[in-house]
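Below is one structure, written out as C-alpha cells, with a few remarks after it.
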Amino acid sequence: QVQLVESGGGLVQAGGSLRLSCAASGRTFSSYAMGWFRQAPGKEREFVTAINWSGIRTNYADPVKGRFTISRDNAKNTVYLQMNNLKPEDTAVYYCAATSRYYSYLPTEKDEYSDWGQGTQVTVSS
C-alpha cells in the first residue's frame, strides 16, 4: 500500500498552465503504475492519464492529449501532471492513483487502481 498526497491545484484563467504533484510514501513506489483521474461536479470520476513504473509508457484520455503531460521521478517518489492550455471544461478535482498489480497495459479504469490521494481542486475560469 502507498499513501498519496496531491498538491499544485488552484485557480487559473483559460489558456494558462498548472503543474500538479503527487507525493507517495513507501519504498516500493518505483514498482507502481500511476494514474491521474478527475471528477467534475455531478459527473463520474474519469481517467486522465497514466504512466508505467519506469516512466517509459504513458497514455492519455482524448480530451487532454497534446495539452497534458504525465511524468514521474522515482528518486523523489513523485508523479507530476503538467497541464497546459487549460480550458474551463478541465475544472475538476484531480486525483492521483496507484496500483502495484501487474497489467500488460496501462490501466484506465478506477477499479484497476488500489490507492488514491485526497484530490486537489483545479478551477479554470473563462
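Simple scheme: letters A, B, ... for chains in C-alpha cells order, numbers from 1 for residues in each chain, numbers from 1 for ligands in the order shown.
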
Need the shell around A:Arg45: protein/DNA/RNA residues with any atom at most 12 Å away, counting only C-alpha atoms. Skip same-chain ones fewer than 3 positions apart. Format as a ChimeraX atom specification?
/A:36-42,48,92-97,108-111,119

Take the residues that were just selected and, keeping C-alpha atoms, output them as an mmCIF file, in the first residue's frame.
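File written: again-v9.cif
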```
data_model
loop_
_atom_site.group_PDB
_atom_site.id
_atom_site.type_symbol
_atom_site.label_atom_id
_atom_site.label_comp_id
_atom_site.auth_asym_id
_atom_site.auth_seq_id
_atom_site.Cartn_x
_atom_site.Cartn_y
_atom_site.Cartn_z
ATOM 1 C CA TRP A 36 -4.444 10.773 -12.702
ATOM 2 C CA PHE A 37 -8.223 10.946 -12.682
ATOM 3 C CA ARG A 38 -10.577 13.872 -12.345
ATOM 4 C CA GLN A 39 -14.108 14.415 -11.173
ATOM 5 C CA ALA A 40 -16.221 17.409 -12.062
ATOM 6 C CA PRO A 41 -19.344 18.304 -10.041
ATOM 7 C CA GLY A 42 -22.196 15.962 -10.843
ATOM 8 C CA VAL A 48 -6.979 11.469 -17.464
ATOM 9 C CA ALA A 92 -12.475 19.293 -11.554
ATOM 10 C CA VAL A 93 -10.954 17.691 -8.515
ATOM 11 C CA TYR A 94 -7.857 15.849 -9.687
ATOM 12 C CA TYR A 95 -6.905 12.584 -8.015
ATOM 13 C CA CYS A 96 -3.656 10.671 -8.081
ATOM 14 C CA ALA A 97 -3.922 6.873 -8.063
ATOM 15 C CA THR A 108 -7.565 3.342 -17.275
ATOM 16 C CA GLU A 109 -10.395 2.139 -15.041
ATOM 17 C CA LYS A 110 -10.930 3.320 -11.469
ATOM 18 C CA ASP A 111 -11.262 -0.249 -10.197
ATOM 19 C CA GLY A 119 -7.596 15.158 -4.501
#
```

Run DSSP on the backbone of this structure and report the residues of chain A it assigns to strand (DSSP E or B), as JSON, numbers by chain.
{"A": [4, 5, 6, 7, 10, 11, 12, 13, 18, 19, 20, 21, 22, 23, 24, 33, 34, 35, 36, 37, 38, 39, 46, 47, 48, 49, 50, 51, 58, 59, 60, 68, 69, 70, 71, 72, 73, 78, 79, 80, 81, 82, 83, 92, 93, 94, 95, 96, 97, 98, 99, 115, 116, 120, 121, 122, 123, 124, 125]}

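Minimum atom-to-atom distance to A:Val12, evaluated using only C-alpha atoms, belongs to A:Gln121 out of A:Arg67, A:Gln121, A:Tyr32, A:Asn74.
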
Report as an MDAnalysis selection string all protein, DNA and RNA residues lying within 10 Å of A:Asp62, evaluated on only C-alpha atoms, omitting residues in the same chain fewer than 3 positions from it.
chainID A and resid 47:49 59 65:66

Could you write those residues out with all heavy atoms, as a short mmCIF file (atom, residue, chain, number, x, y, z; two decimals), in the first residue's frame?
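Once written, out.cif looks like this:
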```cif
data_model
loop_
_atom_site.label_atom_id
_atom_site.label_comp_id
_atom_site.auth_asym_id
_atom_site.auth_seq_id
_atom_site.Cartn_x
_atom_site.Cartn_y
_atom_site.Cartn_z
N PHE A 47 -10.87 8.95 -16.19
CA PHE A 47 -9.44 8.78 -16.43
C PHE A 47 -8.88 9.97 -17.17
O PHE A 47 -9.50 10.49 -18.10
CB PHE A 47 -9.22 7.50 -17.24
CG PHE A 47 -7.83 7.31 -17.75
CD1 PHE A 47 -6.82 6.88 -16.89
CD2 PHE A 47 -7.51 7.59 -19.07
CE1 PHE A 47 -5.54 6.70 -17.36
CE2 PHE A 47 -6.23 7.41 -19.54
CZ PHE A 47 -5.24 6.97 -18.68
N VAL A 48 -7.67 10.39 -16.78
CA VAL A 48 -6.98 11.47 -17.46
C VAL A 48 -5.71 10.94 -18.14
O VAL A 48 -5.52 11.13 -19.34
CB VAL A 48 -6.61 12.60 -16.48
CG1 VAL A 48 -5.79 13.68 -17.20
CG2 VAL A 48 -7.86 13.21 -15.86
N THR A 49 -4.85 10.30 -17.35
CA THR A 49 -3.58 9.84 -17.89
C THR A 49 -2.96 8.82 -16.95
O THR A 49 -3.32 8.74 -15.79
CB THR A 49 -2.61 11.02 -18.10
OG1 THR A 49 -1.37 10.55 -18.63
CG2 THR A 49 -2.34 11.75 -16.79
N ASN A 59 -0.21 6.96 -21.36
CA ASN A 59 -1.38 7.13 -22.23
C ASN A 59 -2.26 8.23 -21.68
O ASN A 59 -2.16 8.60 -20.50
CB ASN A 59 -2.14 5.83 -22.45
CG ASN A 59 -2.81 5.30 -21.21
OD1 ASN A 59 -2.55 5.77 -20.12
ND2 ASN A 59 -3.67 4.32 -21.36
N LYS A 65 -5.10 15.05 -24.64
CA LYS A 65 -3.93 14.74 -25.48
C LYS A 65 -3.38 16.02 -26.10
O LYS A 65 -4.12 16.86 -26.61
CB LYS A 65 -4.32 13.76 -26.59
CG LYS A 65 -4.38 12.33 -26.13
CD LYS A 65 -4.75 11.42 -27.28
CE LYS A 65 -4.84 9.97 -26.82
NZ LYS A 65 -5.27 9.06 -27.90
N GLY A 66 -2.06 16.15 -26.04
CA GLY A 66 -1.40 17.32 -26.59
C GLY A 66 -1.36 18.51 -25.65
O GLY A 66 -0.67 19.50 -25.93
#
```

Looking at only C-alpha atoms, which of A:Lys76, A:Lys87, A:Arg101, A:Lys43 is the one that sits closest to A:Arg27?
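Counting only C-alpha atoms, the residue closest to A:Arg27 is A:Lys76.
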
Calculated over only C-alpha atoms, which of the candidates A:Asn84, A:Ser125, A:Ser114, A:Gln1 has the smallest distance to A:Leu20?
A:Asn84

Determine, counting only C-alpha atoms, which protein, DNA and RNA residues have an atom within 12 Å of an atom of A:Gly26; residues of the same chain fewer than 2 positions away are not included. Present the result as number ranges by chain.
A: 1-4, 23-24, 28-32, 74-78, 98, 100, 115

I need the residues from that last selection saved to file as a short mmCIF file (atom, residue, chain, number, x, y, z; two decimals), in the first residue's frame (with C-alpha atoms), if you can.
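Result file is out31.cif:
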```
data_model
loop_
_atom_site.label_atom_id
_atom_site.label_comp_id
_atom_site.auth_asym_id
_atom_site.auth_seq_id
_atom_site.Cartn_x
_atom_site.Cartn_y
_atom_site.Cartn_z
CA GLN A 1 0.00 0.00 0.00
CA VAL A 2 1.15 3.53 -0.68
CA GLN A 3 -0.09 6.86 0.64
CA LEU A 4 -0.59 9.62 -1.91
CA ALA A 23 3.98 12.60 -3.45
CA ALA A 24 3.96 8.96 -2.45
CA THR A 28 8.07 0.37 -3.46
CA PHE A 29 6.83 3.45 -5.32
CA SER A 30 9.01 2.65 -8.32
CA SER A 31 7.09 -0.59 -8.87
CA TYR A 32 3.70 1.13 -9.12
CA ASN A 74 11.14 7.61 -8.75
CA ALA A 75 14.05 9.02 -6.76
CA LYS A 76 11.63 11.57 -5.28
CA ASN A 77 8.63 9.22 -5.08
CA THR A 78 6.64 11.78 -7.05
CA ALA A 98 -1.52 3.95 -7.80
CA SER A 100 1.10 -2.40 -7.80
CA ASP A 115 -4.58 3.55 -3.70
#
```

Counting only C-alpha atoms, closest pick from A:Met34, A:Leu18, A:Val124, A:Ile56 relative to A:Met83 is A:Leu18

Here is a test: counting only C-alpha atoms, which residue of A:Tyr105, A:Ala50, A:Leu86, A:Cys22 is nearest to A:Asp73?
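When distances to A:Asp73 are compared using only C-alpha atoms, the smallest one comes from A:Cys22.
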
Please provide the set of residues having any atom within 8 Å of A:Arg72, restricted to only C-alpha atoms, with same-chain residues fewer than 6 positions apart removed, written as a PyMOL selection string.
chain A and resi 51+55+78-80

Put those residues in a file: N, CA and C atoms, as a CSV table (one decimal), in the first residue's frame.
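The resulting again_12.csv:
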```csv
chain,number,residue,atom,x,y,z
A,51,ILE,N,0.9,6.4,-16.3
A,51,ILE,CA,2.4,6.2,-16.6
A,51,ILE,C,2.8,4.9,-15.9
A,55,GLY,N,8.3,5.0,-16.3
A,55,GLY,CA,8.1,6.3,-17.0
A,55,GLY,C,8.2,6.2,-18.5
A,78,THR,N,7.6,10.8,-6.6
A,78,THR,CA,6.6,11.8,-7.1
A,78,THR,C,6.3,11.6,-8.5
A,79,VAL,N,5.0,11.8,-8.8
A,79,VAL,CA,4.5,11.8,-10.1
A,79,VAL,C,3.9,13.2,-10.4
A,80,TYR,N,4.0,13.7,-11.6
A,80,TYR,CA,3.6,15.0,-12.0
A,80,TYR,C,2.6,15.0,-13.1
```

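The space between atom CA of A:Tyr103 and atom CA of A:Asn52 spans 9.6 Å.
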
Could you tell me, as number ranges by chain, which residues of stretch 42-119 of chain A DSSP assigns to helix (DSSP H, G or I) when given the backbone?
A: 62-64, 88-90, 110-112

Separation of atom CA of A:Thr120 from atom CA of A:Val5, in Å and rounded to one decimal
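Computed distance, atom CA of A:Thr120 to atom CA of A:Val5, equals 8.9 Å.
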